[in-house]
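The data block below is input34.cif; it holds mmCIF, C-alpha atoms and all ligand atoms.
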data_run
loop_
_atom_site.group_PDB
_atom_site.id
_atom_site.type_symbol
_atom_site.label_atom_id
_atom_site.label_comp_id
_atom_site.auth_asym_id
_atom_site.auth_seq_id
_atom_site.Cartn_x
_atom_site.Cartn_y
_atom_site.Cartn_z
ATOM 1 C CA MET F 205 221.954 11.413 146.809
ATOM 2 C CA LYS F 206 221.135 13.347 150.027
ATOM 3 C CA GLN F 207 220.961 17.139 149.930
ATOM 4 C CA LEU F 208 222.810 19.542 152.257
ATOM 5 C CA TYR F 209 222.800 23.352 152.209
ATOM 6 C CA VAL F 210 224.385 26.425 153.674
ATOM 7 C CA ILE F 211 221.745 29.094 154.248
ATOM 8 C CA GLY F 212 222.268 32.786 154.896
ATOM 9 C CA ASP F 213 221.800 36.272 153.542
ATOM 10 C CA PRO F 214 224.213 37.011 151.964
ATOM 11 C CA VAL F 215 225.670 33.541 151.347
ATOM 12 C CA ALA F 216 226.712 33.367 147.669
ATOM 13 C CA HIS F 217 230.364 33.963 148.678
ATOM 14 C CA SER F 218 230.426 30.912 151.001
ATOM 15 C CA LYS F 219 233.199 28.349 150.595
ATOM 16 C CA SER F 220 231.127 25.689 152.384
ATOM 17 C CA PRO F 221 229.862 24.003 149.165
ATOM 18 C CA LEU F 222 233.466 23.698 147.942
ATOM 19 C CA LEU F 223 234.641 22.207 151.253
ATOM 20 C CA HIS F 224 231.751 19.774 151.717
ATOM 21 C CA ASN F 225 231.589 18.601 148.093
ATOM 22 C CA THR F 226 235.380 18.062 148.112
ATOM 23 C CA MET F 227 235.099 15.891 151.243
ATOM 24 C CA CYS F 228 232.082 13.937 149.923
ATOM 25 C CA ALA F 229 233.857 13.196 146.630
ATOM 26 C CA LEU F 230 237.060 12.177 148.431
ATOM 27 C CA LEU F 231 235.307 9.925 150.945
ATOM 28 C CA GLY F 232 232.639 8.533 148.572
ATOM 29 C CA LEU F 233 229.790 9.977 150.670
ATOM 30 C CA ASP F 234 226.425 10.105 148.903
ATOM 31 C CA PHE F 235 225.687 13.772 149.681
ATOM 32 C CA THR F 236 225.597 16.952 147.629
ATOM 33 C CA TYR F 237 225.885 20.435 149.147
ATOM 34 C CA ALA F 238 224.607 23.762 147.753
ATOM 35 C CA CYS F 239 224.297 27.447 148.690
ATOM 36 C CA ARG F 240 220.807 28.721 149.390
ATOM 37 C CA THR F 241 220.009 32.392 149.924
ATOM 38 C CA VAL F 242 217.249 32.584 152.526
ATOM 39 C CA HIS F 243 215.874 35.945 153.657
ATOM 40 C CA LYS F 244 214.925 36.273 157.337
ATOM 41 C CA GLU F 245 211.182 36.169 156.634
ATOM 42 C CA GLU F 246 211.614 32.968 154.567
ATOM 43 C CA LEU F 247 213.190 30.904 157.360
ATOM 44 C CA ALA F 248 210.041 29.063 158.518
ATOM 45 C CA ALA F 249 209.092 28.193 154.917
ATOM 46 C CA PHE F 250 212.651 26.972 154.204
ATOM 47 C CA LEU F 251 212.554 24.690 157.269
ATOM 48 C CA THR F 252 209.220 23.154 156.247
ATOM 49 C CA ALA F 253 210.445 22.595 152.683
ATOM 50 C CA ALA F 254 213.757 21.142 153.884
ATOM 51 C CA LYS F 255 211.952 18.587 156.067
ATOM 52 C CA GLU F 256 209.472 17.657 153.324
ATOM 53 C CA SER F 257 212.160 17.259 150.674
ATOM 54 C CA GLY F 258 214.249 14.864 152.763
ATOM 55 C CA CYS F 259 217.165 17.302 153.154
ATOM 56 C CA ALA F 260 219.728 15.801 155.584
ATOM 57 C CA GLY F 261 220.747 19.106 157.147
ATOM 58 C CA PHE F 262 222.263 22.520 156.611
ATOM 59 C CA ASN F 263 224.818 24.988 157.835
ATOM 60 C CA ALA F 264 223.685 28.434 158.900
ATOM 61 C CA THR F 265 225.527 31.694 158.627
ATOM 62 C CA MET F 266 224.458 35.320 159.131
ATOM 63 C CA PRO F 267 221.747 36.155 160.200
ATOM 64 C CA PHE F 268 220.517 32.695 161.304
ATOM 65 C CA LYS F 269 222.955 31.438 163.954
ATOM 66 C CA GLU F 270 220.731 32.757 166.751
ATOM 67 C CA LEU F 271 217.404 33.107 164.899
ATOM 68 C CA LEU F 272 217.201 29.320 164.415
ATOM 69 C CA LEU F 273 217.140 28.476 168.124
ATOM 70 C CA PRO F 274 213.330 28.652 168.644
ATOM 71 C CA TYR F 275 212.762 26.233 165.748
ATOM 72 C CA LEU F 276 214.991 23.437 167.051
ATOM 73 C CA ASP F 277 213.781 20.168 168.587
ATOM 74 C CA GLY F 278 217.153 19.476 170.194
ATOM 75 C CA LEU F 279 220.270 21.489 170.988
ATOM 76 C CA ASP F 280 223.807 20.315 171.679
ATOM 77 C CA PRO F 281 225.006 21.506 175.169
ATOM 78 C CA LEU F 282 227.862 23.563 173.679
ATOM 79 C CA ALA F 283 225.505 25.329 171.246
ATOM 80 C CA LYS F 284 223.082 25.923 174.119
ATOM 81 C CA LYS F 285 225.835 27.557 176.169
ATOM 82 C CA LEU F 286 226.806 29.805 173.233
ATOM 83 C CA GLY F 287 223.213 30.516 172.237
ATOM 84 C CA ALA F 288 224.188 29.994 168.591
ATOM 85 C CA VAL F 289 224.157 27.159 166.045
ATOM 86 C CA ASN F 290 225.903 26.748 162.702
ATOM 87 C CA THR F 291 224.979 23.114 161.935
ATOM 88 C CA ILE F 292 221.465 21.669 161.844
ATOM 89 C CA CYS F 293 220.764 17.990 161.222
ATOM 90 C CA ILE F 294 217.316 16.857 160.106
ATOM 91 C CA GLU F 295 216.330 13.423 161.393
ATOM 92 C CA CYS F 296 212.790 12.001 161.356
ATOM 93 C CA ASN F 297 211.376 15.464 160.584
ATOM 94 C CA LYS F 298 213.112 16.973 163.624
ATOM 95 C CA LEU F 299 215.817 19.654 163.760
ATOM 96 C CA TYR F 300 218.941 19.190 165.921
ATOM 97 C CA GLY F 301 221.367 22.095 166.360
ATOM 98 C CA TYR F 302 225.135 22.076 166.899
ATOM 99 C CA ASN F 303 227.953 24.628 166.968
ATOM 100 C CA THR F 304 231.141 23.485 165.245
ATOM 101 C CA ASP F 305 232.911 26.900 165.286
ATOM 102 C CA CYS F 306 233.829 26.346 168.939
ATOM 103 C CA PRO F 307 235.475 22.871 168.715
ATOM 104 C CA GLY F 308 236.615 23.760 165.175
ATOM 105 C CA TYR F 309 238.842 26.561 166.453
ATOM 106 C CA THR F 310 240.578 24.420 169.077
ATOM 107 C CA ALA F 311 241.007 21.637 166.488
ATOM 108 C CA ALA F 312 242.606 24.200 164.142
ATOM 109 C CA LEU F 313 245.002 25.342 166.886
ATOM 110 C CA ARG F 314 245.999 21.767 167.728
ATOM 111 C CA GLN F 315 246.615 21.014 164.054
ATOM 112 C CA HIS F 316 248.904 24.043 164.150
ATOM 113 C CA GLY F 317 250.767 22.471 167.094
ATOM 114 C CA PHE F 318 249.281 24.778 169.750
ATOM 115 C CA ASP F 319 247.755 23.104 172.829
ATOM 116 C CA PRO F 320 245.599 25.669 174.737
ATOM 117 C CA GLN F 321 245.968 23.884 178.103
ATOM 118 C CA GLY F 322 247.532 26.264 180.652
ATOM 119 C CA LYS F 323 248.091 29.009 178.037
ATOM 120 C CA GLN F 324 247.127 32.689 178.146
ATOM 121 C CA ALA F 325 245.152 34.042 175.176
ATOM 122 C CA VAL F 326 244.278 37.642 174.313
ATOM 123 C CA LEU F 327 241.100 37.766 172.269
ATOM 124 C CA LEU F 328 240.151 40.868 170.260
ATOM 125 C CA GLY F 329 236.398 41.036 169.675
ATOM 126 C CA ALA F 330 233.242 39.949 171.456
ATOM 127 C CA GLY F 331 230.842 39.041 168.625
ATOM 128 C CA GLY F 332 229.569 35.596 167.657
ATOM 129 C CA ALA F 333 232.906 34.200 166.502
ATOM 130 C CA ALA F 334 234.727 35.586 169.557
ATOM 131 C CA LYS F 335 232.228 33.878 171.869
ATOM 132 C CA ALA F 336 232.861 30.514 170.200
ATOM 133 C CA VAL F 337 236.645 31.024 170.451
ATOM 134 C CA ALA F 338 236.459 32.150 174.115
ATOM 135 C CA LEU F 339 234.377 29.125 175.114
ATOM 136 C CA GLY F 340 236.549 26.694 173.138
ATOM 137 C CA LEU F 341 239.791 28.073 174.590
ATOM 138 C CA SER F 342 238.512 28.213 178.174
ATOM 139 C CA GLU F 343 237.115 24.666 178.000
ATOM 140 C CA ALA F 344 240.492 23.523 176.617
ATOM 141 C CA GLY F 345 242.212 24.967 179.711
ATOM 142 C CA ALA F 346 243.380 28.413 178.561
ATOM 143 C CA THR F 347 242.903 31.745 180.322
ATOM 144 C CA VAL F 348 241.222 34.219 177.957
ATOM 145 C CA LEU F 349 241.577 38.019 178.219
ATOM 146 C CA VAL F 350 238.933 39.713 176.055
ATOM 147 C CA ALA F 351 239.273 43.222 174.593
ATOM 148 C CA ASN F 352 236.474 44.752 172.546
ATOM 149 C CA ARG F 353 235.568 48.171 171.142
ATOM 150 C CA THR F 354 232.296 47.967 173.085
ATOM 151 C CA ALA F 355 233.645 47.078 176.533
ATOM 152 C CA SER F 356 230.263 45.943 177.887
ATOM 153 C CA LYS F 357 230.222 43.080 175.356
ATOM 154 C CA ALA F 358 233.684 41.918 176.462
ATOM 155 C CA LYS F 359 232.378 41.856 180.028
ATOM 156 C CA ALA F 360 229.277 39.908 178.994
ATOM 157 C CA ILE F 361 231.405 37.138 177.418
ATOM 158 C CA THR F 362 233.013 36.366 180.777
ATOM 159 C CA SER F 363 229.777 34.701 181.936
ATOM 160 C CA LEU F 364 230.622 31.757 179.610
ATOM 161 C CA CYS F 365 233.363 30.750 182.063
ATOM 162 C CA PRO F 366 233.937 33.372 184.820
ATOM 163 C CA ASP F 367 236.994 31.547 186.238
ATOM 164 C CA LYS F 368 238.874 31.572 182.943
ATOM 165 C CA ILE F 369 237.650 34.591 180.932
ATOM 166 C CA ARG F 370 238.114 38.234 181.944
ATOM 167 C CA PRO F 371 237.752 41.580 180.166
ATOM 168 C CA ILE F 372 240.737 43.861 179.508
ATOM 169 C CA PRO F 373 241.043 47.298 177.890
ATOM 170 C CA TRP F 374 241.805 47.517 174.145
ATOM 171 C CA PRO F 375 245.561 46.736 173.957
ATOM 172 C CA THR F 376 248.235 49.347 173.386
ATOM 173 C CA ALA F 377 251.986 49.176 172.747
ATOM 174 C CA ASP F 378 252.779 48.904 176.461
ATOM 175 C CA ALA F 379 249.757 46.841 177.546
ATOM 176 C CA PRO F 380 250.897 44.684 180.486
ATOM 177 C CA ASP F 381 248.351 41.978 179.573
ATOM 178 C CA LEU F 382 250.147 41.264 176.290
ATOM 179 C CA ALA F 383 253.552 40.495 177.784
ATOM 180 C CA GLY F 384 252.348 37.097 179.043
ATOM 181 C CA ALA F 385 250.300 36.146 175.980
ATOM 182 C CA ASP F 386 250.876 32.787 174.296
ATOM 183 C CA LEU F 387 248.173 33.488 171.725
ATOM 184 C CA LEU F 388 246.600 36.635 170.264
ATOM 185 C CA VAL F 389 243.349 36.112 168.325
ATOM 186 C CA ASN F 390 241.669 38.679 166.088
ATOM 187 C CA ALA F 391 237.941 37.879 166.126
ATOM 188 C CA THR F 392 236.847 41.357 165.071
ATOM 189 C CA SER F 393 235.985 42.215 161.482
ATOM 190 C CA LEU F 394 238.954 44.651 161.357
ATOM 191 C CA GLY F 395 241.208 43.682 158.460
ATOM 192 C CA MET F 396 238.513 41.891 156.461
ATOM 193 C CA ALA F 397 238.184 42.955 152.814
ATOM 194 C CA GLY F 398 235.699 45.809 152.597
ATOM 195 C CA GLN F 399 235.724 46.428 156.365
ATOM 196 C CA GLY F 400 237.817 48.800 158.481
ATOM 197 C CA GLU F 401 241.474 48.253 159.363
ATOM 198 C CA PHE F 402 243.308 48.472 162.728
ATOM 199 C CA SER F 403 244.350 52.091 163.185
ATOM 200 C CA ASP F 404 247.378 51.059 165.255
ATOM 201 C CA PHE F 405 249.412 47.829 165.219
ATOM 202 C CA THR F 406 251.921 48.807 167.902
ATOM 203 C CA PHE F 407 250.323 46.348 170.343
ATOM 204 C CA LEU F 408 252.158 43.635 168.370
ATOM 205 C CA ASP F 409 255.412 45.011 169.861
ATOM 206 C CA ALA F 410 254.231 44.072 173.343
ATOM 207 C CA LEU F 411 253.840 40.369 172.476
ATOM 208 C CA PRO F 412 256.545 37.885 173.497
ATOM 209 C CA ALA F 413 258.568 36.248 170.707
ATOM 210 C CA ALA F 414 256.862 32.859 171.171
ATOM 211 C CA CYS F 415 253.312 34.226 170.848
ATOM 212 C CA LEU F 416 251.120 32.793 168.064
ATOM 213 C CA VAL F 417 249.036 35.434 166.264
ATOM 214 C CA SER F 418 245.787 34.073 164.851
ATOM 215 C CA ASP F 419 243.315 35.929 162.639
ATOM 216 C CA LEU F 420 239.879 34.403 161.994
ATOM 217 C CA ILE F 421 239.654 36.350 158.744
ATOM 218 C CA TYR F 422 240.509 34.465 155.527
ATOM 219 C CA HIS F 423 239.638 37.189 153.012
ATOM 220 C CA PRO F 424 242.332 38.378 152.608
ATOM 221 C CA ALA F 425 244.805 35.758 153.832
ATOM 222 C CA PRO F 426 247.102 36.886 155.246
ATOM 223 C CA THR F 427 245.561 40.013 156.718
ATOM 224 C CA GLU F 428 247.618 43.125 157.397
ATOM 225 C CA LEU F 429 247.721 42.066 161.072
ATOM 226 C CA LEU F 430 249.310 38.726 160.163
ATOM 227 C CA ARG F 431 251.684 40.360 157.678
ATOM 228 C CA ARG F 432 252.947 42.684 160.406
ATOM 229 C CA ALA F 433 253.159 39.858 162.954
ATOM 230 C CA GLU F 434 255.209 37.778 160.496
ATOM 231 C CA ALA F 435 257.481 40.778 159.873
ATOM 232 C CA ARG F 436 258.100 40.819 163.640
ATOM 233 C CA GLY F 437 259.069 37.133 163.461
ATOM 234 C CA LEU F 438 255.915 35.860 165.195
ATOM 235 C CA ALA F 439 254.170 32.600 164.187
ATOM 236 C CA THR F 440 250.782 33.148 162.556
ATOM 237 C CA MET F 441 247.599 31.246 161.667
ATOM 238 C CA ASP F 442 245.031 32.642 159.196
ATOM 239 C CA GLY F 443 241.269 31.955 159.090
ATOM 240 C CA PHE F 444 241.334 28.933 156.769
ATOM 241 C CA PRO F 445 242.077 26.266 159.435
ATOM 242 C CA LEU F 446 238.950 27.298 161.401
ATOM 243 C CA LEU F 447 236.870 27.319 158.202
ATOM 244 C CA ILE F 448 238.123 23.821 157.351
ATOM 245 C CA HIS F 449 237.798 22.240 160.808
ATOM 246 C CA GLN F 450 234.282 23.566 161.462
ATOM 247 C CA ALA F 451 233.279 22.031 158.093
ATOM 248 C CA ILE F 452 234.841 18.637 158.917
ATOM 249 C CA LEU F 453 232.953 18.538 162.234
ATOM 250 C CA ALA F 454 229.692 19.632 160.546
ATOM 251 C CA LEU F 455 229.973 16.874 157.917
ATOM 252 C CA GLU F 456 230.531 14.338 160.711
ATOM 253 C CA HIS F 457 227.208 15.456 162.232
ATOM 254 C CA PHE F 458 225.377 15.350 158.879
ATOM 255 C CA THR F 459 226.644 11.911 157.847
ATOM 256 C CA GLY F 460 227.342 10.145 161.145
ATOM 257 C CA HIS F 461 230.675 9.245 159.530
ATOM 258 C CA ALA F 462 233.948 9.864 161.468
ATOM 259 C CA ILE F 463 236.296 11.902 159.264
ATOM 260 C CA PRO F 464 240.006 11.642 160.122
ATOM 261 C CA PRO F 465 241.275 15.208 159.408
ATOM 262 C CA ASP F 466 244.549 13.952 157.900
ATOM 263 C CA GLN F 467 242.554 12.175 155.183
ATOM 264 C CA VAL F 468 240.918 15.393 153.937
ATOM 265 C CA LEU F 469 243.156 18.297 155.019
ATOM 266 C CA PRO F 470 245.497 18.421 151.995
ATOM 267 C CA ALA F 471 242.561 18.460 149.516
ATOM 268 C CA LEU F 472 240.643 21.048 151.548
ATOM 269 C CA GLU F 473 243.685 23.312 151.977
ATOM 270 C CA ALA F 474 244.345 23.132 148.229
ATOM 271 C CA ALA F 475 240.681 23.814 147.401
ATOM 272 C CA VAL F 476 240.248 26.919 149.542
ATOM 273 C CA ARG F 477 243.700 28.447 149.033
ATOM 274 C CA ASN F 478 243.650 28.264 145.221
HETATM 275 P P1 LIG G 501 230.182 40.003 164.720
HETATM 276 O O1 LIG G 501 229.368 39.152 165.618
HETATM 277 O O2 LIG G 501 229.517 41.035 163.889
HETATM 278 O O3 LIG G 501 231.315 40.729 165.623
HETATM 279 C C1 LIG G 501 232.148 41.724 165.060
HETATM 280 C C2 LIG G 501 233.230 42.099 166.056
HETATM 281 O O4 LIG G 501 234.116 43.037 165.406
HETATM 282 C C3 LIG G 501 232.699 42.809 167.310
HETATM 283 O O5 LIG G 501 233.501 42.472 168.397
HETATM 284 C C4 LIG G 501 232.861 44.298 166.931
HETATM 285 O O6 LIG G 501 232.989 45.158 168.053
HETATM 286 C C5 LIG G 501 234.179 44.241 166.192
HETATM 287 N N1 LIG G 501 234.336 45.393 165.310
HETATM 288 C C6 LIG G 501 233.669 45.657 164.169
HETATM 289 N N2 LIG G 501 234.080 46.818 163.638
HETATM 290 C C7 LIG G 501 235.037 47.319 164.484
HETATM 291 C C8 LIG G 501 235.851 48.488 164.484
HETATM 292 N N3 LIG G 501 235.756 49.393 163.518
HETATM 293 N N4 LIG G 501 236.744 48.659 165.499
HETATM 294 C C9 LIG G 501 236.847 47.723 166.482
HETATM 295 N N5 LIG G 501 236.089 46.590 166.538
HETATM 296 C C10 LIG G 501 235.202 46.399 165.547
HETATM 297 O O7 LIG G 501 231.024 39.122 163.678
HETATM 298 P P2 LIG G 501 231.546 37.610 163.881
HETATM 299 O O8 LIG G 501 230.569 36.675 163.274
HETATM 300 O O9 LIG G 501 231.946 37.432 165.298
HETATM 301 O O10 LIG G 501 232.837 37.596 162.923
HETATM 302 C C11 LIG G 501 234.022 38.293 163.268
HETATM 303 C C12 LIG G 501 235.109 38.006 162.229
HETATM 304 O O11 LIG G 501 235.453 36.630 162.254
HETATM 305 C C13 LIG G 501 234.656 38.308 160.794
HETATM 306 O O12 LIG G 501 235.675 38.992 160.127
HETATM 307 C C14 LIG G 501 234.435 36.946 160.170
HETATM 308 O O13 LIG G 501 234.740 36.926 158.792
HETATM 309 C C15 LIG G 501 235.439 36.087 160.942
HETATM 310 N N6 LIG G 501 234.988 34.673 161.018
HETATM 311 C C16 LIG G 501 235.757 33.722 160.410
HETATM 312 C C17 LIG G 501 235.370 32.405 160.468
HETATM 313 C C18 LIG G 501 236.216 31.342 159.803
HETATM 314 O O14 LIG G 501 235.698 30.266 159.486
HETATM 315 N N7 LIG G 501 237.496 31.574 159.602
HETATM 316 C C19 LIG G 501 234.200 32.022 161.158
HETATM 317 C C20 LIG G 501 233.444 33.028 161.771
HETATM 318 C C21 LIG G 501 233.843 34.357 161.692
HETATM 319 P P3 LIG G 501 231.673 45.807 168.742
HETATM 320 O O15 LIG G 501 231.138 44.758 169.669
HETATM 321 O O16 LIG G 501 232.204 46.980 169.437
HETATM 322 O O17 LIG G 501 230.725 46.136 167.626
#

Could you show the structure in this file as structure tokens?
Amino acid sequence: MKQLYVIGDPVAHSKSPLLHNTMCALLGLDFTYACRTVHKEELAAFLTAAKESGCAGFNATMPFKELLLPYLDGLDPLAKKLGAVNTICIECNKLYGYNTDCPGYTAALRQHGFDPQGKQAVLLGAGGAAKAVALGLSEAGATVLVANRTASKAKAITSLCPDKIRPIPWPTADAPDLAGADLLVNATSLGMAGQGEFSDFTFLDALPAACLVSDLIYHPAPTELLRRAEARGLATMDGFPLLIHQAILALEHFTGHAIPPDQVLPALEAAVRN
């Protein structure tokens, strides 16, 4: 049985073991997946031990998505562009880094019936998750307008794809940028349990009736933002599809086994939503 982990600090709340062990059981894959709290100063020791113990790979969450980069022997081009990894495979004592948040988000949208090609997206936030979403959407052919509390970070994101991504002010009820939006994505931590909440939701009134409102947060699901969007009659997508699709893509990297999403989606949806 090969060992996989998710490492982070904190990480005990992670749903990754549930997702990966559900897929391995369903597909008969000889892997087991566990949570491992690793403090920043323990990273080098964890990597040595993981290689020596024959661990097949691990997922990384806060604070390691960027801290791992100097330790890697190889980096996927997408992860290199983002400067962040969430999936590390160990092969022949070497570490190879990937980012599955980026393709995972576009896969989640497509599963939802939304093709980003030619669409206009308004993205709230400019942190790690927002960067992955902005790159995924722009590479899939969407225009991405980024609004962030710290405007300089929204501007910095545009360098990922200057032709397709541009900064906008934080949206208001009459924001002209919202009238043409096909997709609004919340990639801030506003609305997450234990974090702050949006002080004003009136920007939802500026969205056209066909706009999809997506929140990366899955605790709670739905968030207040999605509840209000639904009340306005807008289609919504919570954070679970991203969580699920980034895990499917990570397990493909770990095992080298193609995983048809339809084969695992019902079991994964049931596992995380119950
Ligand atoms: P991050 O790098 O810390 O970024 C946080 C973002 O939230 C920044 O843009 C920050 O703005 C903004 N923000 C925080 N507090 C704010 C406030 N009071 N008012 C306005 N903006 C505020 O975090 P992240 O890793 O990108 O994660 C962002 C969210 O996505 C989290 O809620 C996380 O749970 C969720 N997420 C979900 C998945 C999934 O699988 N579904 C995956 C990854 C992340 P400033 O730049 O101004 O600080």

Which is closer to ligand LIG 501 (chain G) than all the others in F:Ala475, F:Ala248, F:Ile372, F:Ala336, using all atoms listed in the file?
->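 Ranked by minimum distance to ligand LIG 501 (chain G), first place goes to F:Ala336.
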
Who sits within 9 Å of Pro424 in chain F, all atoms listed in the file, same chain under 5 positions skipped, as a ChimeraX atom specification = /F:395-397

How about saving the chosen residues, C-alpha atoms kept, as a compact mmCIF listing (two decimals), in the frame of the given file?
# COMPACT_ATOMS: atom_id res chain seq x y z
CA GLY F 395 241.21 43.68 158.46
CA MET F 396 238.51 41.89 156.46
CA ALA F 397 238.18 42.96 152.81

Would you please work out which residue, of F:Gln450, F:Asn478, F:Asn225, F:Gln207, is nearest to Cys293 in chain F when using only C-alpha atoms?
->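 When distances to Cys293 in chain F are compared using only C-alpha atoms, the smallest one comes from F:Gln207.
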
Mind telling me what the PyMOL selection byres (((chain F and resi 373-381) around 12) and not hetatm) catches here, as number ranges by chain?
-> F: 324-330, 347-359, 370-372, 382-388, 390, 402-412

Residues just named, written with C-alpha atoms as a tab-separated table (two decimals), keeping the file's coordinate frame:
chain	number	residue	atom	x	y	z
F	324	GLN	CA	247.13	32.69	178.15
F	325	ALA	CA	245.15	34.04	175.18
F	326	VAL	CA	244.28	37.64	174.31
F	327	LEU	CA	241.10	37.77	172.27
F	328	LEU	CA	240.15	40.87	170.26
F	329	GLY	CA	236.40	41.04	169.68
F	330	ALA	CA	233.24	39.95	171.46
F	347	THR	CA	242.90	31.74	180.32
F	348	VAL	CA	241.22	34.22	177.96
F	349	LEU	CA	241.58	38.02	178.22
F	350	VAL	CA	238.93	39.71	176.06
F	351	ALA	CA	239.27	43.22	174.59
F	352	ASN	CA	236.47	44.75	172.55
F	353	ARG	CA	235.57	48.17	171.14
F	354	THR	CA	232.30	47.97	173.08
F	355	ALA	CA	233.64	47.08	176.53
F	356	SER	CA	230.26	45.94	177.89
F	357	LYS	CA	230.22	43.08	175.36
F	358	ALA	CA	233.68	41.92	176.46
F	359	LYS	CA	232.38	41.86	180.03
F	370	ARG	CA	238.11	38.23	181.94
F	371	PRO	CA	237.75	41.58	180.17
F	372	ILE	CA	240.74	43.86	179.51
F	382	LEU	CA	250.15	41.26	176.29
F	383	ALA	CA	253.55	40.49	177.78
F	384	GLY	CA	252.35	37.10	179.04
F	385	ALA	CA	250.30	36.15	175.98
F	386	ASP	CA	250.88	32.79	174.30
F	387	LEU	CA	248.17	33.49	171.72
F	388	LEU	CA	246.60	36.64	170.26
F	390	ASN	CA	241.67	38.68	166.09
F	402	PHE	CA	243.31	48.47	162.73
F	403	SER	CA	244.35	52.09	163.18
F	404	ASP	CA	247.38	51.06	165.26
F	405	PHE	CA	249.41	47.83	165.22
F	406	THR	CA	251.92	48.81	167.90
F	407	PHE	CA	250.32	46.35	170.34
F	408	LEU	CA	252.16	43.64	168.37
F	409	ASP	CA	255.41	45.01	169.86
F	410	ALA	CA	254.23	44.07	173.34
F	411	LEU	CA	253.84	40.37	172.48
F	412	PRO	CA	256.54	37.88	173.50

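Going from CA of His449 in chain F over to CA of Ala474 in chain F, you cover 14.2 Å.
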
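This file, filtered with the PyMOL selection byres (((chain F and resi 261) around 8) and not hetatm), gives the residues Gln207, Leu208, Tyr209, Ala254, Cys259, Ala260, Phe262, Asn263, Thr291, Ile292, Cys293, Ile294 and Phe458 of chain F.
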
Would you output that residue set with C-alpha atoms, as a short mmCIF file (atom, residue, chain, number, x, y, z; two decimals), in the coordinates of the input?
data_model
loop_
_atom_site.label_atom_id
_atom_site.label_comp_id
_atom_site.auth_asym_id
_atom_site.auth_seq_id
_atom_site.Cartn_x
_atom_site.Cartn_y
_atom_site.Cartn_z
CA GLN F 207 220.96 17.14 149.93
CA LEU F 208 222.81 19.54 152.26
CA TYR F 209 222.80 23.35 152.21
CA ALA F 254 213.76 21.14 153.88
CA CYS F 259 217.16 17.30 153.15
CA ALA F 260 219.73 15.80 155.58
CA PHE F 262 222.26 22.52 156.61
CA ASN F 263 224.82 24.99 157.84
CA THR F 291 224.98 23.11 161.94
CA ILE F 292 221.46 21.67 161.84
CA CYS F 293 220.76 17.99 161.22
CA ILE F 294 217.32 16.86 160.11
CA PHE F 458 225.38 15.35 158.88
#

For ligand LIG 501 (chain G), which residue out of F:Gly340, F:Gly308, F:Pro465, F:Gly301 is the nearest one, using only C-alpha atoms and all ligand atoms?
->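 The answer is F:Gly308, which sits nearest to ligand LIG 501 (chain G).
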
Exercise on ligand LIG 501 (chain G), axis-aligned box with 3 Å per side, report centre and edge lengths in Å to one decimal, as JSON:
{"center_x": 233.4, "center_y": 39.8, "center_z": 164.2, "size_x": 14.1, "size_y": 25.1, "size_z": 16.9}

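What the PyMOL selection byres (((chain F and resi 333) around 10) and not hetatm) picks from this file is Ala288, Asp305, Cys306, Tyr309, Gly329, Ala330, Gly331, Gly332, Ala334, Lys335, Ala336, Val337, Ala338, Asn390, Ala391, Thr392, Ser393 and Leu420 of chain F.
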
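Going from CA of Gly345 in chain F to CA of Leu279 in chain F covers 23.9 Å.
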
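Counting from CA of Gly287 in chain F, the distance to CA of Gly212 in chain F is 17.5 Å.
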
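Using only C-alpha atoms and all ligand atoms, the shortest contact distance between ligand LIG 501 (chain G) and any of F:Val210, F:Ala346, F:Leu446, F:Leu271 is found at F:Leu446.
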
For Pro214 in chain F: contacts at 12 Å, all atoms listed in the file, fewer than 3 positions along chain excluded, given as a PyMOL selection string | chain F and resi 210-211+217-218+239-244+264-268

Between F:Leu394, F:Ile463, F:Ala238, F:Leu364, which is the closest to ligand LIG 501 (chain G) once you count all atoms listed in the file?
->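 Of F:Leu394, F:Ile463, F:Ala238, F:Leu364, the one nearest ligand LIG 501 (chain G) is F:Leu394, counting all atoms listed in the file.
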
Write out as a PDB file with C-alpha atoms, in the coordinates of the input which residues come within 10 Å of Thr226 in chain F when counting only C-alpha atoms, dropping same-chain ones fewer than 2 positions away.
ATOM      1  CA  SER F 220     231.127  25.689 152.384  1.00  0.00           C
ATOM      2  CA  PRO F 221     229.862  24.003 149.165  1.00  0.00           C
ATOM      3  CA  LEU F 222     233.466  23.698 147.942  1.00  0.00           C
ATOM      4  CA  LEU F 223     234.641  22.207 151.253  1.00  0.00           C
ATOM      5  CA  HIS F 224     231.751  19.774 151.717  1.00  0.00           C
ATOM      6  CA  CYS F 228     232.082  13.937 149.923  1.00  0.00           C
ATOM      7  CA  ALA F 229     233.857  13.196 146.630  1.00  0.00           C
ATOM      8  CA  LEU F 230     237.060  12.177 148.431  1.00  0.00           C
ATOM      9  CA  LEU F 231     235.307   9.925 150.945  1.00  0.00           C
ATOM     10  CA  GLY F 232     232.639   8.533 148.572  1.00  0.00           C
ATOM     11  CA  THR F 236     225.597  16.952 147.629  1.00  0.00           C
ATOM     12  CA  TYR F 237     225.885  20.435 149.147  1.00  0.00           C
ATOM     13  CA  VAL F 468     240.918  15.393 153.937  1.00  0.00           C
ATOM     14  CA  ALA F 471     242.561  18.460 149.516  1.00  0.00           C
ATOM     15  CA  LEU F 472     240.643  21.048 151.548  1.00  0.00           C
ATOM     16  CA  ALA F 475     240.681  23.814 147.401  1.00  0.00           C
TER      17      ALA F 475
END
